[in-house]
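Input: a single structure, listed below in structure tokens.
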Number of protein chains: 2
Amino acid sequence: MQASASAAASRRFVLGVLSALPTLPAMFGATAAEAQAATPLPSWHDGPAKQTILDFVKATTDRASATYVPPEDRIATFDQDGTLWVEQPLYTQAFFALARVHELAPQHPEWKSHDPFKAALANDLPALAHLSERDWAEIIFATHAGMSQADFLEIATTWLVAAKHPRFKRLFTELVYQPMTEVLEYLRANQFATFIVTGGGQDFVRAYSQRVYGIPTQQVVGSSIVTKYDFKNGKAELMRLPKLFFNDNYAGKAIGIDMVIGKRPYAAFGNSTGDQQMLEYTGTGAGARLKMLVHHDDAAREYAYGPAGGLPGSKVGTFTQALMDEAKERAWTVISMKNDWKRIFAFET
Amino acid sequence: MQASASAAASRRFVLGVLSALPTLPAMFGATAAEAQAATPLPSWHDGPAKQTILDFVKATTDRASATYVPPEDRIATFDQDGTLWVEQPLYTQAFFALARVHELAPQHPEWKSHDPFKAALANDLPALAHLSERDWAEIIFATHAGMSQADFLEIATTWLVAAKHPRFKRLFTELVYQPMTEVLEYLRANQFATFIVTGGGQDFVRAYSQRVYGIPTQQVVGSSIVTKYDFKNGKAELMRLPKLFFNDNYAGKAIGIDMVIGKRPYAAFGNSTGDQQMLEYTGTGAGARLKMLVHHDDAAREYAYGPAGGLPGSKVGTFTQALMDEAKERAWTVISMKNDWKRIFAFET
């Protein structure tokens, strides 16, 4: 449990820091949005992937189109890790969990000799990239539960404003793919509601989704743990318990979309086998549907893995050959980071 | 299971019927919305309840206000049954379940001698109003599961376009409280996202929420059953199983809000003990928060129950004296249907 008084004090500090950070509107502004309206997707090379997006938007928003979609049904869903931002060598949330393990280790002397915590304390990234889901669940429950939702939000936010990626030496929140930011903005400019549908923890993503993607918490669907209602001294809080509530991955993504959004998406973007069912579910709908997979084939600017080879045995971002075959069979569009994207990050010159 | 071919044919029929029904924009139109912008809440008598709503909106949307709230955080949650529309003598979804029991009875000869189905087949409304939650769960599982989400949507829609209330002889979807429709529109005109947070089944409510309230499916949070992903012959569907997934009532309302919306509402409207925790959770937040309870004290125009007396022993809409006491203690606003509302339904002249 977090001490509430210090939590409140540090909440004020964090909010102060956040207000000094650049935000999406400040970074892109009305002028950039207007420019995109004239020439959308400027960080994309002309080619089939970009054209597929442009054609889809015309087919669903032009009132004269036979496949026109009313605005309230314009739903676009995006996987996060590996689709909107970097997921290697570990998911960002895994780095956060590692930091929490180090922070909490003095209260858990048994962790020194007990895997998976032993590997976490040794910062053994290759070993951690091969951990099973069960091992990660153990780490997540030990580091993400036992506090209120408000305190968890603050712990995550505090970490995010300072933590940097080991290779890029940038804040994790800067490692967003600029071409995908443009897709989010382009779809929103065309009255699509953009949702993140992540196998990661939805409360972790909600700590930055508005600031980083312009996506409010109510448009973030993800995995979650059980919470308990707690009403004391006239104050109501939700307490986080070390128990899985919902696994928003694989078939869970289709179920989570139906549960939270309640309608079939018209567009879905993913990059791994965890996104397979979301794309199948999207593709089953009538009319024009956009199904896209980001393929990491650019080791120089980012990473190459999946069918592009590299990172053998890692459990992070599993783009199998079977997924590539299904994409071909069902006419899903595979985005080549190397060939379709002019630049990958906003900070590139 | 529903036969898919006939389901598809009747889906086309239902969509045809729906397109002929009046919709919110047609019923109220831009002109009515504009009129409301000048004189909001026309069906409310001037008084403390109306003034509380007006003051709250000013306090949260005026940029000069110390309690200003950015648009992405403007969340308002509404219970449905008894708060947005009539819930007596039974919840609308209970009438739907009864119709389904009659429809499915030939396949279940054992129901004739087995309660709660026996009471349902006898249309014994007083007995049904006293059924336990466990009995209703049995009826819901028998009538709401065993089909795909798409087929359930169609079954519910087909019933809704024809079913009428036993006392008012109107479509259930016409029994929406006009003053609350005006609150929804007024809040939305001030950039609040309006969510339904119901103890009822979220998939049932989603069948009409857009058409009746202007609330899209993604802004409906409710109780739900387990669904299973099913991928056959290149088609992905979600199948409904007879098992509770989430009970969005009492503490479940606060948990459901956090799970789906991910932030504390600024405004919450309810009318029963099932809404108590939602109002407590809303009231715990800093700044200006609107907490309102609809009190049914108008037997002539609608119903009188709860502290107003009437309907003793009914389990439908439990507004206890303890809830009234808590409202007083925490300065929640109690809306008197009799004294605060000029008219109750849009069809009143």
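Going by the structure tokens order, chains are called A, B, ..., each with residues numbered from 1, while ligands are numbered from 1 in the order shown.
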
Rows by chain and residue number, chain B within 6 Å of chain A, shortest pair, only C-alpha atoms, as a tab-separated table:
residue	atom	partner	partner_atom	distance
B:Thr217	CA	A:Gly262	CA	5.3
B:Gln218	CA	A:Ile261	CA	4.0
B:Tyr229	CA	A:Ala251	CA	5.9
B:Lys235	CA	A:Thr284	CA	5.3
B:Ala236	CA	A:Tyr281	CA	5.0
B:Ala251	CA	A:Tyr229	CA	5.9
B:Ile261	CA	A:Gln218	CA	4.0
B:Gly262	CA	A:Thr217	CA	5.3
B:Tyr281	CA	A:Ala236	CA	5.0
B:Thr284	CA	A:Lys235	CA	5.3

Could you pull out the strand (DSSP E) residues of region 226-339 of chain A from DSSP and send them as number ranges by chain?
-> A: 226-232, 235-246, 267-270, 290-295, 333-336

Let me see the file: selected residues, N, CA and C atoms, as an mmCIF file, in the first residue's frame.
data_model
loop_
_atom_site.group_PDB
_atom_site.id
_atom_site.type_symbol
_atom_site.label_atom_id
_atom_site.label_comp_id
_atom_site.auth_asym_id
_atom_site.auth_seq_id
_atom_site.Cartn_x
_atom_site.Cartn_y
_atom_site.Cartn_z
ATOM 1 N N VAL A 226 -8.330 -7.685 -11.312
ATOM 2 C CA VAL A 226 -9.552 -7.475 -10.529
ATOM 3 C C VAL A 226 -9.370 -6.243 -9.647
ATOM 4 N N THR A 227 -10.415 -5.422 -9.550
ATOM 5 C CA THR A 227 -10.394 -4.318 -8.592
ATOM 6 C C THR A 227 -11.542 -4.480 -7.601
ATOM 7 N N LYS A 228 -11.370 -3.876 -6.461
ATOM 8 C CA LYS A 228 -12.355 -3.996 -5.378
ATOM 9 C C LYS A 228 -12.759 -2.596 -4.947
ATOM 10 N N TYR A 229 -14.070 -2.395 -4.782
ATOM 11 C CA TYR A 229 -14.589 -1.103 -4.338
ATOM 12 C C TYR A 229 -14.339 -0.927 -2.851
ATOM 13 N N ASP A 230 -13.798 0.227 -2.495
ATOM 14 C CA ASP A 230 -13.435 0.481 -1.107
ATOM 15 C C ASP A 230 -13.976 1.857 -0.722
ATOM 16 N N PHE A 231 -14.844 1.900 0.289
ATOM 17 C CA PHE A 231 -15.455 3.167 0.703
ATOM 18 C C PHE A 231 -15.173 3.381 2.178
ATOM 19 N N LYS A 232 -14.302 4.334 2.447
ATOM 20 C CA LYS A 232 -13.879 4.604 3.836
ATOM 21 C C LYS A 232 -13.846 6.102 4.075
ATOM 22 N N LYS A 235 -14.795 8.385 1.354
ATOM 23 C CA LYS A 235 -14.028 8.400 0.098
ATOM 24 C C LYS A 235 -14.115 7.034 -0.587
ATOM 25 N N ALA A 236 -14.419 7.042 -1.867
ATOM 26 C CA ALA A 236 -14.520 5.801 -2.637
ATOM 27 C C ALA A 236 -13.290 5.638 -3.522
ATOM 28 N N GLU A 237 -12.620 4.496 -3.394
ATOM 29 C CA GLU A 237 -11.461 4.187 -4.241
ATOM 30 C C GLU A 237 -11.599 2.762 -4.764
ATOM 31 N N LEU A 238 -10.887 2.469 -5.863
ATOM 32 C CA LEU A 238 -10.835 1.101 -6.361
ATOM 33 C C LEU A 238 -9.446 0.551 -6.088
ATOM 34 N N MET A 239 -9.403 -0.578 -5.389
ATOM 35 C CA MET A 239 -8.125 -1.186 -5.000
ATOM 36 C C MET A 239 -7.768 -2.303 -5.976
ATOM 37 N N ARG A 240 -6.494 -2.369 -6.334
ATOM 38 C CA ARG A 240 -6.006 -3.341 -7.320
ATOM 39 C C ARG A 240 -5.600 -4.650 -6.630
ATOM 40 N N LEU A 241 -6.170 -5.744 -7.083
ATOM 41 C CA LEU A 241 -5.888 -7.051 -6.484
ATOM 42 C C LEU A 241 -5.001 -7.886 -7.421
ATOM 43 N N PRO A 242 -4.178 -8.770 -6.849
ATOM 44 C CA PRO A 242 -3.259 -9.577 -7.668
ATOM 45 C C PRO A 242 -3.955 -10.770 -8.318
ATOM 46 N N LYS A 243 -4.920 -10.472 -9.189
ATOM 47 C CA LYS A 243 -5.679 -11.536 -9.838
ATOM 48 C C LYS A 243 -6.101 -11.057 -11.220
ATOM 49 N N LEU A 244 -5.916 -11.890 -12.232
ATOM 50 C CA LEU A 244 -6.290 -11.496 -13.593
ATOM 51 C C LEU A 244 -7.801 -11.361 -13.701
ATOM 52 N N PHE A 245 -8.265 -10.260 -14.307
ATOM 53 C CA PHE A 245 -9.689 -10.135 -14.604
ATOM 54 C C PHE A 245 -9.948 -10.489 -16.060
ATOM 55 N N PHE A 246 -9.152 -9.920 -16.973
ATOM 56 C CA PHE A 246 -9.402 -10.152 -18.400
ATOM 57 C C PHE A 246 -8.096 -10.121 -19.180
ATOM 58 N N ALA A 267 -11.743 -0.725 -39.098
ATOM 59 C CA ALA A 267 -10.305 -0.759 -39.366
ATOM 60 C C ALA A 267 -9.583 -1.353 -38.171
ATOM 61 N N ALA A 268 -8.595 -2.195 -38.425
ATOM 62 C CA ALA A 268 -7.805 -2.772 -37.334
ATOM 63 C C ALA A 268 -6.351 -2.877 -37.776
ATOM 64 N N PHE A 269 -5.461 -2.505 -36.857
ATOM 65 C CA PHE A 269 -4.015 -2.531 -37.107
ATOM 66 C C PHE A 269 -3.344 -3.371 -36.030
ATOM 67 N N GLY A 270 -2.488 -4.296 -36.448
ATOM 68 C CA GLY A 270 -1.757 -5.109 -35.494
ATOM 69 C C GLY A 270 -0.356 -5.402 -36.001
ATOM 70 N N LEU A 290 -10.648 -2.301 -43.239
ATOM 71 C CA LEU A 290 -9.201 -2.140 -43.374
ATOM 72 C C LEU A 290 -8.503 -3.057 -42.374
ATOM 73 N N LYS A 291 -7.678 -3.979 -42.870
ATOM 74 C CA LYS A 291 -6.961 -4.915 -42.003
ATOM 75 C C LYS A 291 -5.476 -4.786 -42.313
ATOM 76 N N MET A 292 -4.683 -4.310 -41.353
ATOM 77 C CA MET A 292 -3.270 -4.044 -41.633
ATOM 78 C C MET A 292 -2.364 -4.624 -40.550
ATOM 79 N N LEU A 293 -1.222 -5.123 -40.991
ATOM 80 C CA LEU A 293 -0.208 -5.648 -40.073
ATOM 81 C C LEU A 293 1.103 -4.911 -40.308
ATOM 82 N N VAL A 294 1.696 -4.412 -39.235
ATOM 83 C CA VAL A 294 3.010 -3.783 -39.321
ATOM 84 C C VAL A 294 4.076 -4.883 -39.268
ATOM 85 N N HIS A 295 4.930 -4.907 -40.281
ATOM 86 C CA HIS A 295 6.019 -5.886 -40.309
ATOM 87 C C HIS A 295 7.341 -5.183 -39.997
ATOM 88 N N THR A 333 -3.352 -6.232 -45.477
ATOM 89 C CA THR A 333 -2.226 -5.462 -45.998
ATOM 90 C C THR A 333 -1.060 -5.509 -45.010
ATOM 91 N N VAL A 334 0.102 -5.918 -45.473
ATOM 92 C CA VAL A 334 1.292 -5.940 -44.623
ATOM 93 C C VAL A 334 2.098 -4.672 -44.900
ATOM 94 N N ILE A 335 2.346 -3.911 -43.832
ATOM 95 C CA ILE A 335 3.113 -2.665 -43.936
ATOM 96 C C ILE A 335 4.582 -2.998 -43.711
ATOM 97 N N SER A 336 5.433 -2.650 -44.675
ATOM 98 C CA SER A 336 6.876 -2.801 -44.496
ATOM 99 C C SER A 336 7.425 -1.510 -43.902
#

Which one is closest to Ala156 (chain A): A:Thr67, A:Gln93, A:Thr198, A:Asn123? Count only C-alpha atoms.
-> A:Gln93

Could you pull the residues within 12 Å of region 107-114 of chain A, counting only C-alpha atoms, minus those fewer than 5 positions along the same chain, as a JSON list (two decimals) with N, CA, C and O atoms, in the first residue's frame?
[["chain", "number", "residue", "atom", "x", "y", "z"],
["A", 100, "ARG", "N", 9.93, -1.46, -10.97],
["A", 100, "ARG", "CA", 9.15, -1.69, -9.74],
["A", 100, "ARG", "C", 9.76, -2.83, -8.92],
["A", 100, "ARG", "O", 9.77, -2.77, -7.69],
["A", 101, "VAL", "N", 10.27, -3.87, -9.61],
["A", 101, "VAL", "CA", 10.91, -4.98, -8.88],
["A", 101, "VAL", "C", 12.11, -4.45, -8.10],
["A", 101, "VAL", "O", 12.28, -4.75, -6.91],
["A", 102, "HIS", "N", 12.93, -3.62, -8.75],
["A", 102, "HIS", "CA", 14.09, -3.05, -8.05],
["A", 102, "HIS", "C", 13.65, -2.21, -6.86],
["A", 102, "HIS", "O", 14.24, -2.28, -5.78],
["A", 119, "ALA", "N", 16.09, -12.98, -12.29],
["A", 119, "ALA", "CA", 16.47, -12.47, -13.62],
["A", 119, "ALA", "C", 16.14, -10.98, -13.73],
["A", 119, "ALA", "O", 16.90, -10.20, -14.33],
["A", 120, "ALA", "N", 15.03, -10.58, -13.13],
["A", 120, "ALA", "CA", 14.64, -9.17, -13.18],
["A", 120, "ALA", "C", 15.65, -8.32, -12.43],
["A", 120, "ALA", "O", 16.09, -7.27, -12.93],
["A", 121, "LEU", "N", 16.08, -8.79, -11.24],
["A", 121, "LEU", "CA", 17.03, -8.01, -10.43],
["A", 121, "LEU", "C", 18.39, -7.94, -11.11],
["A", 121, "LEU", "O", 19.15, -7.00, -10.91],
["A", 122, "ALA", "N", 18.70, -8.95, -11.93],
["A", 122, "ALA", "CA", 19.98, -8.97, -12.65],
["A", 122, "ALA", "C", 19.89, -8.18, -13.95],
["A", 122, "ALA", "O", 20.89, -8.05, -14.67],
["A", 135, "ASP", "N", 5.30, -16.48, -15.92],
["A", 135, "ASP", "CA", 6.33, -15.75, -15.16],
["A", 135, "ASP", "C", 6.02, -14.26, -15.13],
["A", 135, "ASP", "O", 6.15, -13.59, -14.11],
["A", 138, "GLU", "N", 3.38, -13.37, -12.72],
["A", 138, "GLU", "CA", 3.87, -13.32, -11.34],
["A", 138, "GLU", "C", 4.51, -11.95, -11.06],
["A", 138, "GLU", "O", 4.27, -11.33, -10.01],
["A", 139, "ILE", "N", 5.30, -11.48, -12.02],
["A", 139, "ILE", "CA", 5.94, -10.16, -11.85],
["A", 139, "ILE", "C", 4.90, -9.04, -11.82],
["A", 139, "ILE", "O", 4.96, -8.12, -11.00],
["A", 142, "ALA", "N", 2.97, -8.89, -8.56],
["A", 142, "ALA", "CA", 3.80, -8.41, -7.45],
["A", 142, "ALA", "C", 4.08, -6.92, -7.53],
["A", 142, "ALA", "O", 4.36, -6.27, -6.53],
["A", 143, "THR", "N", 3.97, -6.35, -8.74],
["A", 143, "THR", "CA", 4.39, -4.96, -8.93],
["A", 143, "THR", "C", 3.23, -4.02, -9.28],
["A", 143, "THR", "O", 3.38, -2.81, -9.18]]
